[in-house]
Amino acid sequence: MNTIEAITGRRSIRKFKPEKVDRETIEKIVAAAAYAPSWKNTQVTRYHVFDSQDIKDTIADNYTLGFTYNEGTISHAPQVVAITAIKGRSGMEKDGSATTDKGDAWLMFDAGAAAQTFCLAAYEYGVGTVIMGIFDAEKVAELLHIPENEVVVTLVPIGYPDEAPTAPRRKSVEDLLSFVNIPN
Ligand SMILES: Cc1cc2nc3c(=O)[nH]c(=O)nc-3n(C[C@H](O)[C@H](O)[C@H](O)COP(=O)(O)O)c2cc1C
């Protein structure tokens, strides 16, 4: 599989076969995700994998903010990865001031780049993923005993796909791209 095939072929997977992804495969996926770019190479992203049915059900039943679509995906996925980021580094100087006008929003950027890299690496190993944003991050952090200096950015259910969705429609290159040409 080449890079373009990986980028275009990856789909969000919300239905999984029951078997778990073994530790070695998860380690290989994270080893690849470690190569995602990050603010000054701070590598703030962390991956917390859980498979407890109790924990999955607690999140699905209580912490999906009324977005019922996420309930089944979380409770039926064999495993879920809480992707977190260490606070206060991305976008920030050592003295605690912000480097740019985006402040610490670069944390989300770093976690996003890492999450997509994780999903693409997973795809290479036949593992399905879906990046989820709609859940109560503080409650999830509490439930999983996530260290205080990390923020939960996304939950990513993982497992071997039990569906093969077609790609949702994409905008055209014409819609997305412009070449800036300001005359001198
Ligand atoms: C920041 C972000 C948040 C998302 N949140 C959810 C979510 O809460 N639940 C869900 O089922 N999918 C979620 N998705 C997946 C998108 O719906 C999906 O990527 C989009 O429909 C395109 O489909 P594809 O990933 O198969 O190409 C999210 C994706 C991103 C990037």
# chains A, B, ... in the order shown; residues from 1 in each chain; ligands from 1

$ closest_atom_pairs --of "chain A" --to "ligand 1" --cutoff "6 Å" --atoms "only C-alpha atoms and all ligand atoms" --output "CSV"
residue,atom,partner,partner_atom_place_in_ligand_line,distance
A:Arg11,CA,ligand 1,26 (O),3.4
A:Ser12,CA,ligand 1,26 (O),3.8
A:Asn70,CA,ligand 1,9 (N),5.5
A:Val130,CA,ligand 1,15 (C),5.8
A:Ile131,CA,ligand 1,28 (C),4.9
A:Met132,CA,ligand 1,5 (N),3.6
A:Gly133,CA,ligand 1,5 (N),3.9
A:Ile134,CA,ligand 1,8 (O),4.0
A:Ala167,CA,ligand 1,26 (O),5.5
A:Pro168,CA,ligand 1,23 (O),5.6

$ write_last_selection --atoms "N, CA and C atoms" --output "short mmCIF file (atom, residue, chain, number, x, y, z; two decimals), in the first residue's frame"
data_model
loop_
_atom_site.label_atom_id
_atom_site.label_comp_id
_atom_site.auth_asym_id
_atom_site.auth_seq_id
_atom_site.Cartn_x
_atom_site.Cartn_y
_atom_site.Cartn_z
N ARG A 11 -11.01 4.46 6.22
CA ARG A 11 -12.37 4.94 6.52
C ARG A 11 -12.57 4.88 8.02
N SER A 12 -13.46 5.70 8.51
CA SER A 12 -13.89 5.55 9.90
C SER A 12 -14.69 4.27 10.02
N ASN A 70 -22.66 7.45 19.15
CA ASN A 70 -21.37 6.99 19.66
C ASN A 70 -21.50 5.86 20.68
N VAL A 130 -11.93 4.84 14.53
CA VAL A 130 -12.73 6.04 14.29
C VAL A 130 -12.35 7.08 15.33
N ILE A 131 -11.99 8.26 14.87
CA ILE A 131 -11.67 9.37 15.77
C ILE A 131 -12.99 9.92 16.30
N MET A 132 -13.11 10.00 17.63
CA MET A 132 -14.36 10.53 18.21
C MET A 132 -14.09 11.80 19.01
N GLY A 133 -14.95 12.78 18.78
CA GLY A 133 -14.82 14.04 19.52
C GLY A 133 -15.95 14.28 20.49
N ILE A 134 -17.08 13.56 20.30
CA ILE A 134 -18.26 13.89 21.09
C ILE A 134 -18.36 12.98 22.32
N ALA A 167 -16.57 5.88 1.00
CA ALA A 167 -16.09 7.18 1.49
C ALA A 167 -17.20 8.22 1.41
N PRO A 168 -17.46 8.93 2.52
CA PRO A 168 -18.37 10.07 2.42
C PRO A 168 -17.82 11.06 1.38
#

$ residues_around --residues "Arg23 in chain A" --least-positions-apart "3" --cutoff "12 Å" --atoms "only C-alpha atoms" --output "ChimeraX atom specification"
/A:20,26-30,49-51,79

$ write_last_selection --atoms "N, CA and C atoms" --output "PDB file, in the first residue's frame"
ATOM      1  N   LYS A  20      -9.876  -9.058  19.921  1.00  0.00           N
ATOM      2  CA  LYS A  20      -9.059  -7.898  20.303  1.00  0.00           C
ATOM      3  C   LYS A  20      -7.830  -7.787  19.408  1.00  0.00           C
ATOM      4  N   ILE A  26      -0.630  -3.264  18.542  1.00  0.00           N
ATOM      5  CA  ILE A  26      -0.861  -1.901  19.058  1.00  0.00           C
ATOM      6  C   ILE A  26       0.481  -1.193  19.254  1.00  0.00           C
ATOM      7  N   GLU A  27       1.463  -1.920  19.734  1.00  0.00           N
ATOM      8  CA  GLU A  27       2.796  -1.312  19.921  1.00  0.00           C
ATOM      9  C   GLU A  27       3.384  -0.867  18.577  1.00  0.00           C
ATOM     10  N   LYS A  28       3.179  -1.675  17.534  1.00  0.00           N
ATOM     11  CA  LYS A  28       3.712  -1.300  16.212  1.00  0.00           C
ATOM     12  C   LYS A  28       3.005  -0.042  15.693  1.00  0.00           C
ATOM     13  N   ILE A  29       1.703   0.036  15.949  1.00  0.00           N
ATOM     14  CA  ILE A  29       0.937   1.209  15.492  1.00  0.00           C
ATOM     15  C   ILE A  29       1.441   2.463  16.214  1.00  0.00           C
ATOM     16  N   VAL A  30       1.650   2.354  17.518  1.00  0.00           N
ATOM     17  CA  VAL A  30       2.113   3.520  18.284  1.00  0.00           C
ATOM     18  C   VAL A  30       3.554   3.877  17.906  1.00  0.00           C
ATOM     19  N   VAL A  49      -4.848   2.658  26.226  1.00  0.00           N
ATOM     20  CA  VAL A  49      -5.742   1.643  25.649  1.00  0.00           C
ATOM     21  C   VAL A  49      -6.530   0.974  26.769  1.00  0.00           C
ATOM     22  N   PHE A  50      -7.846   0.824  26.574  1.00  0.00           N
ATOM     23  CA  PHE A  50      -8.634   0.075  27.566  1.00  0.00           C
ATOM     24  C   PHE A  50      -9.619  -0.853  26.867  1.00  0.00           C
ATOM     25  N   ASP A  51      -9.931  -1.955  27.580  1.00  0.00           N
ATOM     26  CA  ASP A  51     -10.871  -2.923  26.992  1.00  0.00           C
ATOM     27  C   ASP A  51     -11.927  -3.374  27.998  1.00  0.00           C
ATOM     28  N   GLN A  79     -11.611  -2.675  21.816  1.00  0.00           N
ATOM     29  CA  GLN A  79     -10.750  -1.802  22.619  1.00  0.00           C
ATOM     30  C   GLN A  79     -11.005  -0.354  22.221  1.00  0.00           C
TER      31      GLN A  79
END

$ residues_around --residues "Asp61 in chain A" --least-positions-apart "2" --cutoff "10 Å" --atoms "only C-alpha atoms" --output "ChimeraX atom specification"
/A:55-59,63-66,68,70-72,74-75

$ write_last_selection --atoms "C-alpha atoms" --output "short mmCIF file (atom, residue, chain, number, x, y, z; two decimals), in the first residue's frame"
data_model
loop_
_atom_site.label_atom_id
_atom_site.label_comp_id
_atom_site.auth_asym_id
_atom_site.auth_seq_id
_atom_site.Cartn_x
_atom_site.Cartn_y
_atom_site.Cartn_z
CA ILE A 55 -15.55 1.19 31.47
CA LYS A 56 -16.72 1.15 27.85
CA ASP A 57 -20.35 0.86 28.97
CA THR A 58 -19.96 3.61 31.57
CA ILE A 59 -18.68 5.97 28.89
CA TYR A 63 -20.52 10.38 28.83
CA THR A 64 -21.51 10.62 25.16
CA LEU A 65 -23.27 13.96 25.64
CA GLY A 66 -26.56 12.68 24.21
CA THR A 68 -26.43 8.19 20.85
CA ASN A 70 -21.37 6.99 19.66
CA GLU A 71 -22.85 4.70 22.32
CA GLY A 72 -22.88 1.45 20.32
CA ILE A 74 -17.82 2.54 22.07
CA SER A 75 -19.54 -0.31 23.90
#

$ atom_distance --atom1 "CA of Ala113 in chain A" --atom2 "CA of Met92 in chain A"
17.8 Å

$ select_by_dssp --residues "chain A" --states "alpha helix (DSSP H)" --output "PyMOL selection string"
chain A and resi 3-9+23-33+53-62+69-76+106-124+137-144+173-176

$ write_last_selection --atoms "C-alpha atoms" --output "CSV table (one decimal), in the first residue's frame"
chain,number,residue,atom,x,y,z
A,3,THR,CA,0.8,6.6,1.0
A,4,ILE,CA,-1.9,7.9,-1.2
A,5,GLU,CA,-3.7,4.5,-1.1
A,6,ALA,CA,-3.5,4.7,2.7
A,7,ILE,CA,-4.8,8.2,2.9
A,8,THR,CA,-7.7,7.7,0.5
A,9,GLY,CA,-8.5,4.1,1.6
A,23,ARG,CA,-0.5,-5.8,22.2
A,24,GLU,CA,2.3,-6.3,19.7
A,25,THR,CA,0.2,-4.9,16.9
A,26,ILE,CA,-0.9,-1.9,19.1
A,27,GLU,CA,2.8,-1.3,19.9
A,28,LYS,CA,3.7,-1.3,16.2
A,29,ILE,CA,0.9,1.2,15.5
A,30,VAL,CA,2.1,3.5,18.3
A,31,ALA,CA,5.7,3.1,17.2
A,32,ALA,CA,4.7,4.5,13.8
A,33,ALA,CA,2.5,7.2,15.3
A,53,GLN,CA,-16.5,-3.7,29.2
A,54,ASP,CA,-17.6,-1.9,32.4
A,55,ILE,CA,-15.6,1.2,31.5
A,56,LYS,CA,-16.7,1.2,27.8
A,57,ASP,CA,-20.4,0.9,29.0
A,58,THR,CA,-20.0,3.6,31.6
A,59,ILE,CA,-18.7,6.0,28.9
A,60,ALA,CA,-21.3,4.8,26.3
A,61,ASP,CA,-24.2,5.2,28.8
A,62,ASN,CA,-23.2,8.4,30.6
A,69,TYR,CA,-24.6,7.4,17.6
A,70,ASN,CA,-21.4,7.0,19.7
A,71,GLU,CA,-22.8,4.7,22.3
A,72,GLY,CA,-22.9,1.4,20.3
A,73,THR,CA,-19.5,2.2,18.7
A,74,ILE,CA,-17.8,2.5,22.1
A,75,SER,CA,-19.5,-0.3,23.9
A,76,HIS,CA,-19.1,-2.8,21.0
A,106,TRP,CA,-1.3,23.9,19.1
A,107,LEU,CA,-1.8,21.1,21.6
A,108,MET,CA,-4.9,20.1,19.6
A,109,PHE,CA,-3.0,20.4,16.4
A,110,ASP,CA,-0.3,18.0,17.7
A,111,ALA,CA,-2.8,15.5,19.0
A,112,GLY,CA,-4.7,15.7,15.7
A,113,ALA,CA,-1.6,15.0,13.6
A,114,ALA,CA,-0.7,12.1,15.9
A,115,ALA,CA,-4.3,10.7,15.9
A,116,GLN,CA,-4.4,10.7,12.1
A,117,THR,CA,-1.0,9.1,11.9
A,118,PHE,CA,-2.2,6.5,14.4
A,119,CYS,CA,-5.2,5.7,12.3
A,120,LEU,CA,-3.2,5.4,9.1
A,121,ALA,CA,-0.7,3.1,10.8
A,122,ALA,CA,-3.6,1.0,12.1
A,123,TYR,CA,-5.0,0.8,8.6
A,124,GLU,CA,-1.7,-0.7,7.4
A,137,ALA,CA,-13.5,14.5,28.2
A,138,GLU,CA,-13.2,15.5,31.9
A,139,LYS,CA,-15.4,12.6,33.1
A,140,VAL,CA,-13.5,10.2,30.8
A,141,ALA,CA,-10.2,11.4,32.2
A,142,GLU,CA,-11.5,10.9,35.8
A,143,LEU,CA,-12.8,7.4,35.0
A,144,LEU,CA,-9.5,6.3,33.4
A,173,VAL,CA,-9.9,20.3,-5.4
A,174,GLU,CA,-11.4,23.4,-6.9
A,175,ASP,CA,-13.3,24.1,-3.7
A,176,LEU,CA,-10.3,23.4,-1.5

$ residues_around --residues "range 145-152 of chain A" --least-positions-apart "3" --cutoff "9 Å" --atoms "only C-alpha atoms" --output "list in words"
Val44, Thr45, Arg46, His48, Ala82, Ile83, Thr84, Ala85, Ile86, Lys87, Gly88, Ala137, Glu138, Val140, Ala141, Glu142 and Leu155 of chain A

$ atom_distance --atom1 "CA of Tyr47 in chain A" --atom2 "CA of Pro78 in chain A"
15.8 Å

$ select_by_dssp --residues "chain A" --states "strand (DSSP E or B)" --output "PyMOL selection string"
chain A and resi 12+16+45-50+79-86+92+98+128-129+132+150-159+161

$ atom_distance --atom1 "CA of Glu163 in chain A" --atom2 "CA of Ala34 in chain A"
27.9 Å

$ closest_residue --among "A:Arg89, A:Thr42, A:Thr129, A:Asp162" --to "Arg10 in chain A" --atoms "only C-alpha atoms"
A:Thr129

$ closest_residue --among "A:Val180, A:Pro161, A:Ala77, A:Arg169" --to "Gly128 in chain A" --atoms "only C-alpha atoms"
A:Pro161
